[in-house]
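S.K.: What follows is the file target_12.pdb, containing PDB, C-alpha atoms and all ligand atoms:
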ATOM      1  CA  MET G   1     -16.923 243.554   0.396
ATOM      2  CA  ASN G   2     -19.946 244.303  -1.808
ATOM      3  CA  ALA G   3     -19.929 245.609  -5.371
ATOM      4  CA  GLY G   4     -20.702 249.185  -4.290
ATOM      5  CA  VAL G   5     -17.757 249.332  -1.920
ATOM      6  CA  LEU G   6     -15.518 247.759  -4.567
ATOM      7  CA  HIS G   7     -16.629 250.412  -7.066
ATOM      8  CA  LEU G   8     -15.951 253.197  -4.551
ATOM      9  CA  LEU G   9     -12.524 251.773  -3.780
ATOM     10  CA  GLY G  10     -11.820 251.570  -7.502
ATOM     11  CA  GLN G  11     -12.626 255.282  -7.811
ATOM     12  CA  GLN G  12     -10.416 256.137  -4.837
ATOM     13  CA  VAL G  13      -7.384 254.330  -6.220
ATOM     14  CA  ASN G  14      -7.869 255.915  -9.617
ATOM     15  CA  ASP G  15      -7.508 259.446  -8.328
ATOM     16  CA  ASP G  16      -3.687 259.436  -8.549
ATOM     17  CA  ARG G  17      -3.155 259.519  -4.811
ATOM     18  CA  GLY G  18      -1.871 255.976  -4.987
ATOM     19  CA  LEU G  19      -2.698 252.458  -3.947
ATOM     20  CA  PHE G  20      -3.673 251.344  -0.467
ATOM     21  CA  ILE G  21      -0.627 249.453   0.785
ATOM     22  CA  ALA G  22      -0.129 247.551   4.044
ATOM     23  CA  ASP G  23       3.490 246.360   3.733
ATOM     24  CA  LEU G  24       6.546 246.728   1.532
ATOM     25  CA  PHE G  25       9.272 244.259   2.353
ATOM     26  CA  GLY G  26      12.256 242.441   0.984
ATOM     27  CA  PRO G  27      14.537 241.273  -0.284
ATOM     28  CA  THR G  28      13.318 238.068   1.260
ATOM     29  CA  PHE G  29      12.502 234.580   0.005
ATOM     30  CA  GLN G  30       9.247 233.594  -1.634
ATOM     31  CA  GLY G  31       8.069 231.221   1.074
ATOM     32  CA  GLU G  32       5.356 229.271  -0.741
ATOM     33  CA  GLY G  33       4.394 227.647  -4.003
ATOM     34  CA  PRO G  34       6.137 227.360  -7.364
ATOM     35  CA  SER G  35       8.734 230.090  -6.756
ATOM     36  CA  LEU G  36       9.635 228.773  -3.308
ATOM     37  CA  GLY G  37      13.049 229.930  -2.147
ATOM     38  CA  ARG G  38      13.542 232.601  -4.799
ATOM     39  CA  GLN G  39      14.599 236.061  -3.714
ATOM     40  CA  ALA G  40      11.694 238.455  -4.047
ATOM     41  CA  LEU G  41      10.299 241.827  -3.103
ATOM     42  CA  PHE G  42       6.789 241.899  -1.664
ATOM     43  CA  ILE G  43       4.145 244.579  -2.076
ATOM     44  CA  ARG G  44       1.201 243.775   0.190
ATOM     45  CA  PHE G  45      -2.041 245.538  -0.745
ATOM     46  CA  SER G  46      -4.653 246.535   1.829
ATOM     47  CA  HIS G  47      -8.310 245.435   1.531
ATOM     48  CA  CYS G  48      -9.881 242.095   0.753
ATOM     49  CA  ASN G  49     -13.289 241.049  -0.545
ATOM     50  CA  LEU G  50     -13.363 237.962   1.715
ATOM     51  CA  SER G  51     -13.131 237.645   5.493
ATOM     52  CA  CYS G  52     -11.639 234.199   6.035
ATOM     53  CA  GLY G  53     -11.857 232.914   9.564
ATOM     54  CA  GLN G  54     -14.893 234.945  10.487
ATOM     55  CA  GLY G  55     -17.807 233.182   8.798
ATOM     56  CA  PRO G  56     -19.791 230.170   9.997
ATOM     57  CA  GLY G  57     -17.717 226.977   9.891
ATOM     58  CA  ALA G  58     -14.325 228.715   9.884
ATOM     59  CA  ARG G  59     -11.508 226.482  11.114
ATOM     60  CA  TRP G  60      -8.542 228.802  10.590
ATOM     61  CA  ALA G  61      -7.960 232.544  10.762
ATOM     62  CA  CYS G  62      -6.546 234.883   8.135
ATOM     63  CA  ASP G  63      -2.935 235.697   9.084
ATOM     64  CA  THR G  64      -3.099 239.110   7.400
ATOM     65  CA  ALA G  65      -6.404 240.307   8.836
ATOM     66  CA  TYR G  66      -4.822 243.722   9.483
ATOM     67  CA  THR G  67      -5.066 244.325   5.731
ATOM     68  CA  TRP G  68      -8.884 244.236   5.707
ATOM     69  CA  ASP G  69     -10.499 243.747   9.142
ATOM     70  CA  PHE G  70     -11.217 247.373   9.903
ATOM     71  CA  LYS G  71     -13.548 246.524  12.785
ATOM     72  CA  THR G  72     -10.529 245.187  14.658
ATOM     73  CA  TYR G  73      -7.789 247.336  13.108
ATOM     74  CA  ASP G  74      -7.873 251.099  12.588
ATOM     75  CA  PRO G  75      -7.848 251.893   8.843
ATOM     76  CA  GLN G  76      -6.350 255.311   9.645
ATOM     77  CA  ASP G  77      -3.269 253.614  11.113
ATOM     78  CA  LEU G  78      -0.562 254.177   8.521
ATOM     79  CA  LYS G  79       1.176 250.966   9.629
ATOM     80  CA  ILE G  80      -1.649 248.938   8.109
ATOM     81  CA  ARG G  81      -3.045 251.142   5.355
ATOM     82  CA  ARG G  82      -1.344 253.994   3.586
ATOM     83  CA  ARG G  83      -1.387 255.400   0.097
ATOM     84  CA  VAL G  84       1.705 254.883  -2.018
ATOM     85  CA  SER G  85       1.908 256.075  -5.611
ATOM     86  CA  VAL G  86       2.939 253.777  -8.445
ATOM     87  CA  ASP G  87       5.993 255.997  -8.995
ATOM     88  CA  GLU G  88       7.069 255.551  -5.367
ATOM     89  CA  LEU G  89       6.616 251.797  -5.625
ATOM     90  CA  ILE G  90       8.671 251.615  -8.812
ATOM     91  CA  THR G  91      11.420 253.730  -7.206
ATOM     92  CA  TRP G  92      11.523 251.378  -4.202
ATOM     93  CA  VAL G  93      11.661 248.280  -6.409
ATOM     94  CA  LYS G  94      14.444 249.741  -8.549
ATOM     95  CA  SER G  95      16.487 250.517  -5.434
ATOM     96  CA  GLN G  96      16.781 246.762  -4.769
ATOM     97  CA  ALA G  97      18.809 244.183  -6.709
ATOM     98  CA  VAL G  98      15.969 241.672  -7.035
ATOM     99  CA  ARG G  99      14.088 240.851 -10.256
ATOM    100  CA  LEU G 100      10.996 239.103  -8.851
ATOM    101  CA  VAL G 101       8.189 241.241  -7.412
ATOM    102  CA  VAL G 102       5.318 239.527  -5.609
ATOM    103  CA  ILE G 103       2.103 241.510  -5.255
ATOM    104  CA  THR G 104       0.006 240.081  -2.455
ATOM    105  CA  GLY G 105      -2.636 241.081   0.051
ATOM    106  CA  GLY G 106      -5.317 241.245   1.207
ATOM    107  CA  GLU G 107      -6.727 240.764  -2.246
ATOM    108  CA  PRO G 108      -4.789 242.760  -4.866
ATOM    109  CA  LEU G 109      -7.512 242.544  -7.538
ATOM    110  CA  VAL G 110      -9.820 244.651  -5.331
ATOM    111  CA  GLN G 111      -7.686 247.602  -6.517
ATOM    112  CA  GLY G 112      -7.944 246.452 -10.122
ATOM    113  CA  PRO G 113      -7.086 249.485 -12.291
ATOM    114  CA  ALA G 114      -4.236 250.612 -10.044
ATOM    115  CA  LEU G 115      -2.935 247.034  -9.867
ATOM    116  CA  GLU G 116      -2.921 246.870 -13.682
ATOM    117  CA  HIS G 117      -0.984 250.124 -13.820
ATOM    118  CA  LEU G 118       1.617 248.922 -11.316
ATOM    119  CA  ALA G 119       1.993 245.483 -12.931
ATOM    120  CA  SER G 120       2.340 247.036 -16.396
ATOM    121  CA  ARG G 121       5.037 249.441 -15.214
ATOM    122  CA  LEU G 122       6.965 246.613 -13.538
ATOM    123  CA  HIS G 123       6.618 244.427 -16.628
ATOM    124  CA  SER G 124       7.874 247.214 -18.909
ATOM    125  CA  GLU G 125      10.874 247.676 -16.584
ATOM    126  CA  GLY G 126      11.730 243.993 -17.100
ATOM    127  CA  TYR G 127      10.635 242.589 -13.732
ATOM    128  CA  GLU G 128       8.936 239.263 -13.156
ATOM    129  CA  VAL G 129       5.591 239.944 -11.511
ATOM    130  CA  GLU G 130       3.620 237.400  -9.510
ATOM    131  CA  VAL G 131       0.156 238.294  -8.233
ATOM    132  CA  GLU G 132      -1.242 236.320  -5.310
ATOM    133  CA  THR G 133      -5.025 236.188  -5.324
ATOM    134  CA  ASN G 134      -7.979 234.368  -3.795
ATOM    135  CA  GLY G 135      -9.338 233.813  -7.319
ATOM    136  CA  THR G 136     -12.736 235.481  -6.839
ATOM    137  CA  LEU G 137     -12.293 238.476  -9.169
ATOM    138  CA  ILE G 138     -11.895 238.148 -12.933
ATOM    139  CA  PRO G 139      -8.437 239.253 -14.149
ATOM    140  CA  SER G 140      -8.514 241.820 -16.961
ATOM    141  CA  GLU G 141      -6.692 241.312 -20.258
ATOM    142  CA  ASP G 142      -4.233 244.074 -19.355
ATOM    143  CA  LEU G 143      -3.428 242.412 -16.057
ATOM    144  CA  VAL G 144      -2.972 239.007 -17.684
ATOM    145  CA  ALA G 145      -0.582 240.573 -20.189
ATOM    146  CA  ALA G 146       1.507 242.241 -17.486
ATOM    147  CA  VAL G 147       1.972 239.452 -14.964
ATOM    148  CA  THR G 148       4.393 236.555 -15.161
ATOM    149  CA  ALA G 149       2.148 234.321 -13.070
ATOM    150  CA  PHE G 150      -0.921 234.300 -10.867
ATOM    151  CA  ASN G 151      -0.663 232.321  -7.627
ATOM    152  CA  VAL G 152      -4.351 231.547  -7.159
ATOM    153  CA  SER G 153      -5.452 230.317  -3.762
ATOM    154  CA  PRO G 154      -9.181 229.489  -3.737
ATOM    155  CA  LYS G 155     -10.631 229.245  -0.256
ATOM    156  CA  LEU G 156     -12.155 225.982   0.958
ATOM    157  CA  ALA G 157     -15.086 225.518   3.348
ATOM    158  CA  ALA G 158     -12.677 225.657   6.316
ATOM    159  CA  ALA G 159     -12.143 229.368   5.575
ATOM    160  CA  GLY G 160     -15.772 229.915   6.615
ATOM    161  CA  GLY G 161     -18.484 231.894   4.892
ATOM    162  CA  GLN G 162     -20.661 231.137   1.913
ATOM    163  CA  GLU G 163     -19.337 229.091  -0.981
ATOM    164  CA  VAL G 164     -20.868 231.543  -3.434
ATOM    165  CA  ARG G 165     -18.414 234.183  -2.179
ATOM    166  CA  ARG G 166     -15.362 231.904  -2.021
ATOM    167  CA  ILE G 167     -15.785 230.025  -5.290
ATOM    168  CA  VAL G 168     -16.631 232.269  -8.254
ATOM    169  CA  PRO G 169     -16.716 230.145 -11.434
ATOM    170  CA  ALA G 170     -16.294 233.051 -13.887
ATOM    171  CA  ALA G 171     -13.188 234.228 -12.066
ATOM    172  CA  LEU G 172     -11.646 230.757 -11.773
ATOM    173  CA  HIS G 173     -12.291 230.120 -15.468
ATOM    174  CA  GLY G 174     -10.654 233.483 -16.189
ATOM    175  CA  PHE G 175      -7.509 232.453 -14.355
ATOM    176  CA  VAL G 176      -7.388 228.994 -15.965
ATOM    177  CA  ASP G 177      -7.892 230.561 -19.402
ATOM    178  CA  SER G 178      -5.114 233.093 -18.750
ATOM    179  CA  GLY G 179      -2.584 230.258 -19.022
ATOM    180  CA  LYS G 180      -0.627 231.921 -16.222
ATOM    181  CA  ALA G 181      -2.311 230.494 -13.134
ATOM    182  CA  ARG G 182      -0.780 228.128 -10.608
ATOM    183  CA  PHE G 183      -3.274 227.001  -7.973
ATOM    184  CA  LYS G 184      -2.373 226.680  -4.314
ATOM    185  CA  PHE G 185      -4.661 225.347  -1.608
ATOM    186  CA  VAL G 186      -4.220 225.765   2.134
ATOM    187  CA  VAL G 187      -5.021 222.458   3.853
ATOM    188  CA  SER G 188      -6.098 222.439   7.495
ATOM    189  CA  GLU G 189      -7.092 218.771   7.610
ATOM    190  CA  LEU G 190      -6.543 215.769   5.367
ATOM    191  CA  ALA G 191     -10.213 215.385   4.424
ATOM    192  CA  GLU G 192      -9.979 218.655   2.475
ATOM    193  CA  VAL G 193      -7.934 216.956  -0.243
ATOM    194  CA  LYS G 194     -11.203 215.516  -1.559
ATOM    195  CA  GLU G 195     -12.717 219.022  -1.715
ATOM    196  CA  ILE G 196      -9.618 220.242  -3.562
ATOM    197  CA  THR G 197      -9.793 217.367  -6.042
ATOM    198  CA  GLY G 198     -13.398 218.272  -6.818
ATOM    199  CA  LEU G 199     -12.420 221.874  -7.617
ATOM    200  CA  VAL G 200      -9.368 220.844  -9.649
ATOM    201  CA  GLU G 201     -11.493 218.534 -11.825
ATOM    202  CA  ARG G 202     -14.432 220.951 -12.113
ATOM    203  CA  PHE G 203     -12.310 223.887 -13.277
ATOM    204  CA  ARG G 204      -9.559 221.879 -15.014
ATOM    205  CA  MET G 205      -6.862 223.515 -12.932
ATOM    206  CA  GLY G 206      -3.444 222.629 -14.283
ATOM    207  CA  GLU G 207      -0.585 222.977 -11.831
ATOM    208  CA  VAL G 208      -1.733 222.492  -8.245
ATOM    209  CA  TRP G 209       0.126 222.935  -4.944
ATOM    210  CA  VAL G 210      -1.169 221.978  -1.526
ATOM    211  CA  MET G 211       0.253 223.571   1.577
ATOM    212  CA  PRO G 212      -0.473 223.020   5.263
ATOM    213  CA  GLU G 213      -2.055 225.791   7.297
ATOM    214  CA  GLY G 214       0.013 227.074  10.235
ATOM    215  CA  THR G 215       1.961 230.002  11.642
ATOM    216  CA  THR G 216       4.549 227.987  13.591
ATOM    217  CA  ALA G 217       7.278 225.782  12.135
ATOM    218  CA  ASP G 218       6.095 222.776  14.153
ATOM    219  CA  THR G 219       2.501 223.104  12.937
ATOM    220  CA  VAL G 220       3.589 223.411   9.318
ATOM    221  CA  ARG G 221       5.977 220.441   9.551
ATOM    222  CA  THR G 222       3.285 218.285  11.130
ATOM    223  CA  GLY G 223       0.864 219.334   8.396
ATOM    224  CA  LEU G 224       3.369 218.550   5.644
ATOM    225  CA  ARG G 225       3.811 215.003   6.938
ATOM    226  CA  ALA G 226       0.048 214.578   7.231
ATOM    227  CA  ILE G 227      -0.737 215.509   3.616
ATOM    228  CA  ALA G 228       2.397 214.338   1.742
ATOM    229  CA  ASP G 229       1.232 210.849   0.757
ATOM    230  CA  GLU G 230      -2.233 212.032  -0.277
ATOM    231  CA  ALA G 231      -0.695 214.837  -2.356
ATOM    232  CA  LEU G 232       1.538 212.334  -4.153
ATOM    233  CA  ALA G 233      -1.373 210.001  -4.805
ATOM    234  CA  ARG G 234      -3.507 212.800  -6.295
ATOM    235  CA  GLY G 235      -0.743 214.322  -8.444
ATOM    236  CA  PHE G 236      -0.468 217.552  -6.426
ATOM    237  CA  ASN G 237       2.734 219.412  -5.623
ATOM    238  CA  LEU G 238       3.566 220.066  -1.986
ATOM    239  CA  SER G 239       4.646 223.416  -0.552
ATOM    240  CA  PRO G 240       6.118 224.190   2.846
ATOM    241  CA  ARG G 241       5.932 227.717   4.310
ATOM    242  CA  LEU G 242       9.598 228.683   4.247
ATOM    243  CA  HIS G 243       9.096 232.102   5.871
ATOM    244  CA  VAL G 244       7.312 230.427   8.812
ATOM    245  CA  GLU G 245      10.163 227.927   9.141
ATOM    246  CA  LEU G 246      12.667 230.800   9.209
ATOM    247  CA  TRP G 247      10.857 233.583  11.035
ATOM    248  CA  GLY G 248       7.582 232.252  12.486
ATOM    249  CA  ASP G 249       4.685 234.656  11.935
ATOM    250  CA  GLU G 250       6.848 237.791  12.099
ATOM    251  CA  ARG G 251       5.263 240.421   9.896
ATOM    252  CA  GLY G 252       7.154 241.680   6.852
ATOM    253  CA  ARG G 253       9.525 238.700   6.396
TER
HETATM  254  S1  LIG B 301      -8.617 235.876   0.925
HETATM  255 FE1  LIG B 301      -6.589 235.870   1.891
HETATM  256  S2  LIG B 301      -6.313 237.973   2.710
HETATM  257 FE2  LIG B 301      -8.493 237.720   2.217
HETATM  258  S3  LIG B 301      -9.404 237.106   4.163
HETATM  259 FE3  LIG B 301      -8.927 235.212   3.027
HETATM  260  S4  LIG B 301      -6.879 234.589   3.716
HETATM  261 FE4  LIG B 301      -7.196 236.728   4.347
END
How does the structure come out when it is put into structure tokens?
Ligand code: SF4
M.R.:
Amino acid sequence: MNAGVLHLLGQQVNDDRGLFIADLFGPTFQGEGPSLGRQALFIRFSHCNLSCGQGPGARWACDTAYTWDFKTYDPQDLKIRRRVSVDELITWVKSQAVRLVVITGGEPLVQGPALEHLASRLHSEGYEVEVETNGTLIPSEDLVAAVTAFNVSPKLAAAGGQEVRRIVPAALHGFVDSGKARFKFVVSELAEVKEITGLVERFRMGEVWVMPEGTTADTVRTGLRAIADEALARGFNLSPRLHVELWGDERGR
């Protein structure tokens, strides 16, 4: 997504008709990373500024392509993209007895001002707010203040596409400097651990999780065994994909 489209989208989501949302679901369990196993509500934003799986060299496909691939999916289909106001989202969250809200995507920071508004409202209501991001857009001060943690998942060469789009130094420095970032890398083959180590050292990433790619329990388990020793040796944490173990690639779980 280029800067012009991002700007236009920013204008659209600032006109009080609400955010572009793909899924609202939960209570469920956070299936990945530092909050693994915690009960959470999920708000999945539509739109993404990357297109993992579609560029040259891609070795895995985005499992939420319906949030952004509008050549394949119809953006008028309300099951993949509808406007929901911040008030409606807050009402839905407050109707549940869960204190952790995970905002995911797509790429939530594409809808920056509206995301800040939502995160600030949730924060002021006393909720823990995690934002899952590909780490290519610089978080604003207001967003940093509102979130409990960023789960930053930079995309490696196996995601396909140009490095200049996947790895944005100013944005990664912004997340590191926020003091609220935990980094999580999807690993599709063992050799990628070297690529991850290079990024961790270059950007001085603190807490790091590695997680196997896969949308079936067998694939994820095989991947976990393949990367466990290397993760230990490099000082990385290891994450399964609990939702895949429980429900496969069923949407909204
Ligand atoms: S950044 Fe995430 S949502 Fe966007 S295309 Fe890549 S995997 Fe999919």
S.K.: Could the residues of chain G that have an atom at most 6 Å from ligand LIG 301 (chain B) be listed as a Markdown table, each with its closest atom pair and the distance in Å to one decimal, counting all atoms listed in the file and ordered by chain and ascending residue number?
M.R.:
| residue | atom | partner | partner_atom | distance |
| --- | --- | --- | --- | --- |
| G:Cys48 | CA | B:LIG301 | FE2 | 4.8 |
| G:Leu50 | CA | B:LIG301 | S3 | 4.7 |
| G:Ser51 | CA | B:LIG301 | S3 | 4.0 |
| G:Cys52 | CA | B:LIG301 | S3 | 4.1 |
| G:Cys62 | CA | B:LIG301 | FE4 | 4.3 |
| G:Thr64 | CA | B:LIG301 | FE4 | 5.6 |
| G:Ala65 | CA | B:LIG301 | FE4 | 5.8 |
| G:Gly105 | CA | B:LIG301 | S2 | 5.5 |
| G:Gly106 | CA | B:LIG301 | S2 | 3.7 |
| G:Glu107 | CA | B:LIG301 | FE2 | 5.7 |
| G:Asn134 | CA | B:LIG301 | S1 | 5.0 |
S.K.: Report, as JSON, the centre and edge lengths in Å (one decimal) of the axis-aligned box enclosing every listed atom of region 220-230 of chain G, padded by 4 Å on each side.
M.R.:
{"center_x": 1.9, "center_y": 217.1, "center_z": 5.4, "size_x": 16.2, "size_y": 20.6, "size_z": 19.4}
S.K.: Calculated over all atoms listed in the file, which of the candidates G:Ser46, G:Ala217, G:Ile90, G:Val84 has the smallest distance to His243 (chain G)?
M.R.: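 Looking at the shortest contact to His243 (chain G), the residue is G:Ala217.
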S.K.: Counting only C-alpha atoms, which of G:Gly198, G:Gly214, G:Gly179, G:Gly18 gets nearest to His117 (chain G)?
M.R.: G:Gly18
S.K.: Evaluate the PyMOL selection byres (((chain G and resi 143-155) around 8) and not hetatm) here and jot the selected residues down as a PyMOL selection string.
M.R.: chain G and resi 33+115-116+119-120+123+128-136+139-142+156-159+166-167+175+178+180-186
S.K.: Set the distance at 9 Å and use all atoms listed in the file: which residues neighbour Arg204 (chain G) once local chain neighbours fewer than 5 positions away are removed? I'd like the list as a PyMOL selection string.
M.R.: chain G and resi 173+176+199
S.K.: Using C-alpha atoms, can you export the residues from the last selection as a tab-separated table (two decimals), in the frame of the given file?
M.R.:
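Generated output (out27.tsv):
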chain	number	residue	atom	x	y	z
G	173	HIS	CA	-12.29	230.12	-15.47
G	176	VAL	CA	-7.39	228.99	-15.96
G	199	LEU	CA	-12.42	221.87	-7.62
S.K.: Return as a list in words the set of residues that the PyMOL selection byres (((chain G and resi 102) around 7) and not hetatm) yields on the displayed structure.
M.R.: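 Matching residues under the PyMOL selection byres (((chain G and resi 102) around 7) and not hetatm) are Ala40, Leu41, Phe42, Ile43, Leu100, Val101, Ile103, Thr104, Val129, Glu130 and Val131 of chain G.
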S.K.: Report the distance between CA of Ser35 (chain G) and CA of Ser85 (chain G) in Å, rounded to one decimal place.
M.R.: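 Calculated distance between CA of Ser35 (chain G) and CA of Ser85 (chain G) is 26.9 Å.
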S.K.: Kindly give the distance, in Å, that separates CA of Ser239 (chain G) and CA of Leu224 (chain G), rounded to a single decimal.
M.R.: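 Computing the Euclidean distance for CA of Ser239 (chain G) and CA of Leu224 (chain G) yields 8.0 Å.
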S.K.: Given the PyMOL selection byres (((chain G and resi 194) around 12) and not hetatm) and the file above, list the residues it selects as a list in words.
M.R.: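 Matching residues under the PyMOL selection byres (((chain G and resi 194) around 12) and not hetatm) are Leu156, Ala157, Phe185, Val187, Glu189, Leu190, Ala191, Glu192, Val193, Glu195, Ile196, Thr197, Gly198, Leu199, Val200, Glu201, Val210, Ile227, Glu230, Ala231, Ala233, Arg234 and Phe236 of chain G.
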S.K.: Next, the residues of the selection above should be written as a PDB file, in the coordinates of the input with C-alpha atoms.
M.R.:
ATOM      1  CA  LEU G 156     -12.155 225.982   0.958  1.00  0.00           C
ATOM      2  CA  ALA G 157     -15.086 225.518   3.348  1.00  0.00           C
ATOM      3  CA  PHE G 185      -4.661 225.347  -1.608  1.00  0.00           C
ATOM      4  CA  VAL G 187      -5.021 222.458   3.853  1.00  0.00           C
ATOM      5  CA  GLU G 189      -7.092 218.771   7.610  1.00  0.00           C
ATOM      6  CA  LEU G 190      -6.543 215.769   5.367  1.00  0.00           C
ATOM      7  CA  ALA G 191     -10.213 215.385   4.424  1.00  0.00           C
ATOM      8  CA  GLU G 192      -9.979 218.655   2.475  1.00  0.00           C
ATOM      9  CA  VAL G 193      -7.934 216.956  -0.243  1.00  0.00           C
ATOM     10  CA  GLU G 195     -12.717 219.022  -1.715  1.00  0.00           C
ATOM     11  CA  ILE G 196      -9.618 220.242  -3.562  1.00  0.00           C
ATOM     12  CA  THR G 197      -9.793 217.367  -6.042  1.00  0.00           C
ATOM     13  CA  GLY G 198     -13.398 218.272  -6.818  1.00  0.00           C
ATOM     14  CA  LEU G 199     -12.420 221.874  -7.617  1.00  0.00           C
ATOM     15  CA  VAL G 200      -9.368 220.844  -9.649  1.00  0.00           C
ATOM     16  CA  GLU G 201     -11.493 218.534 -11.825  1.00  0.00           C
ATOM     17  CA  VAL G 210      -1.169 221.978  -1.526  1.00  0.00           C
ATOM     18  CA  ILE G 227      -0.737 215.509   3.616  1.00  0.00           C
ATOM     19  CA  GLU G 230      -2.233 212.032  -0.277  1.00  0.00           C
ATOM     20  CA  ALA G 231      -0.695 214.837  -2.356  1.00  0.00           C
ATOM     21  CA  ALA G 233      -1.373 210.001  -4.805  1.00  0.00           C
ATOM     22  CA  ARG G 234      -3.507 212.800  -6.295  1.00  0.00           C
ATOM     23  CA  PHE G 236      -0.468 217.552  -6.426  1.00  0.00           C
TER      24      PHE G 236
END
S.K.: Could N, CA, C and O atoms be built for region 213-227 of chain G and written out as a PDB file, keeping the file's coordinate frame?
M.R.:
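Heads up, here's the output in rebuild_6.pdb:
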ATOM      1  N   GLU G 213      -1.780 224.561   6.565  1.00  0.00           N
ATOM      2  CA  GLU G 213      -2.055 225.791   7.297  1.00  0.00           C
ATOM      3  C   GLU G 213      -1.136 225.818   8.521  1.00  0.00           C
ATOM      4  O   GLU G 213      -0.718 224.758   9.015  1.00  0.00           O
ATOM      5  N   GLY G 214      -0.769 226.993   9.005  1.00  0.00           N
ATOM      6  CA  GLY G 214       0.013 227.074  10.235  1.00  0.00           C
ATOM      7  C   GLY G 214       0.895 228.291  10.278  1.00  0.00           C
ATOM      8  O   GLY G 214       1.403 228.745   9.246  1.00  0.00           O
ATOM      9  N   THR G 215       1.093 228.835  11.480  1.00  0.00           N
ATOM     10  CA  THR G 215       1.961 230.002  11.642  1.00  0.00           C
ATOM     11  C   THR G 215       3.130 229.696  12.577  1.00  0.00           C
ATOM     12  O   THR G 215       3.832 230.597  13.017  1.00  0.00           O
ATOM     13  N   THR G 216       3.331 228.393  12.878  1.00  0.00           N
ATOM     14  CA  THR G 216       4.549 227.987  13.591  1.00  0.00           C
ATOM     15  C   THR G 216       5.210 226.882  12.780  1.00  0.00           C
ATOM     16  O   THR G 216       4.532 226.120  12.067  1.00  0.00           O
ATOM     17  N   ALA G 217       6.537 226.785  12.909  1.00  0.00           N
ATOM     18  CA  ALA G 217       7.278 225.782  12.135  1.00  0.00           C
ATOM     19  C   ALA G 217       6.801 224.375  12.474  1.00  0.00           C
ATOM     20  O   ALA G 217       6.664 223.527  11.582  1.00  0.00           O
ATOM     21  N   ASP G 218       6.534 224.118  13.754  1.00  0.00           N
ATOM     22  CA  ASP G 218       6.095 222.776  14.153  1.00  0.00           C
ATOM     23  C   ASP G 218       4.752 222.419  13.509  1.00  0.00           C
ATOM     24  O   ASP G 218       4.570 221.307  13.013  1.00  0.00           O
ATOM     25  N   THR G 219       3.821 223.367  13.526  1.00  0.00           N
ATOM     26  CA  THR G 219       2.501 223.104  12.937  1.00  0.00           C
ATOM     27  C   THR G 219       2.623 222.816  11.444  1.00  0.00           C
ATOM     28  O   THR G 219       1.993 221.893  10.918  1.00  0.00           O
ATOM     29  N   VAL G 220       3.443 223.602  10.762  1.00  0.00           N
ATOM     30  CA  VAL G 220       3.589 223.411   9.318  1.00  0.00           C
ATOM     31  C   VAL G 220       4.249 222.065   9.018  1.00  0.00           C
ATOM     32  O   VAL G 220       3.818 221.325   8.131  1.00  0.00           O
ATOM     33  N   ARG G 221       5.297 221.718   9.785  1.00  0.00           N
ATOM     34  CA  ARG G 221       5.977 220.441   9.551  1.00  0.00           C
ATOM     35  C   ARG G 221       5.028 219.264   9.785  1.00  0.00           C
ATOM     36  O   ARG G 221       4.983 218.319   8.988  1.00  0.00           O
ATOM     37  N   THR G 222       4.252 219.352  10.845  1.00  0.00           N
ATOM     38  CA  THR G 222       3.285 218.285  11.130  1.00  0.00           C
ATOM     39  C   THR G 222       2.272 218.179   9.990  1.00  0.00           C
ATOM     40  O   THR G 222       1.926 217.084   9.538  1.00  0.00           O
ATOM     41  N   GLY G 223       1.826 219.331   9.497  1.00  0.00           N
ATOM     42  CA  GLY G 223       0.864 219.334   8.396  1.00  0.00           C
ATOM     43  C   GLY G 223       1.446 218.767   7.116  1.00  0.00           C
ATOM     44  O   GLY G 223       0.775 218.042   6.370  1.00  0.00           O
ATOM     45  N   LEU G 224       2.708 219.081   6.847  1.00  0.00           N
ATOM     46  CA  LEU G 224       3.369 218.550   5.644  1.00  0.00           C
ATOM     47  C   LEU G 224       3.381 217.020   5.669  1.00  0.00           C
ATOM     48  O   LEU G 224       3.046 216.367   4.669  1.00  0.00           O
ATOM     49  N   ARG G 225       3.759 216.472   6.827  1.00  0.00           N
ATOM     50  CA  ARG G 225       3.811 215.003   6.938  1.00  0.00           C
ATOM     51  C   ARG G 225       2.419 214.414   6.768  1.00  0.00           C
ATOM     52  O   ARG G 225       2.257 213.346   6.166  1.00  0.00           O
ATOM     53  N   ALA G 226       1.417 215.111   7.271  1.00  0.00           N
ATOM     54  CA  ALA G 226       0.048 214.578   7.231  1.00  0.00           C
ATOM     55  C   ALA G 226      -0.508 214.509   5.810  1.00  0.00           C
ATOM     56  O   ALA G 226      -1.295 213.622   5.484  1.00  0.00           O
ATOM     57  N   ILE G 227      -0.107 215.451   4.947  1.00  0.00           N
ATOM     58  CA  ILE G 227      -0.737 215.509   3.616  1.00  0.00           C
ATOM     59  C   ILE G 227       0.162 214.999   2.494  1.00  0.00           C
ATOM     60  O   ILE G 227      -0.290 214.875   1.350  1.00  0.00           O
TER      61      ILE G 227
END
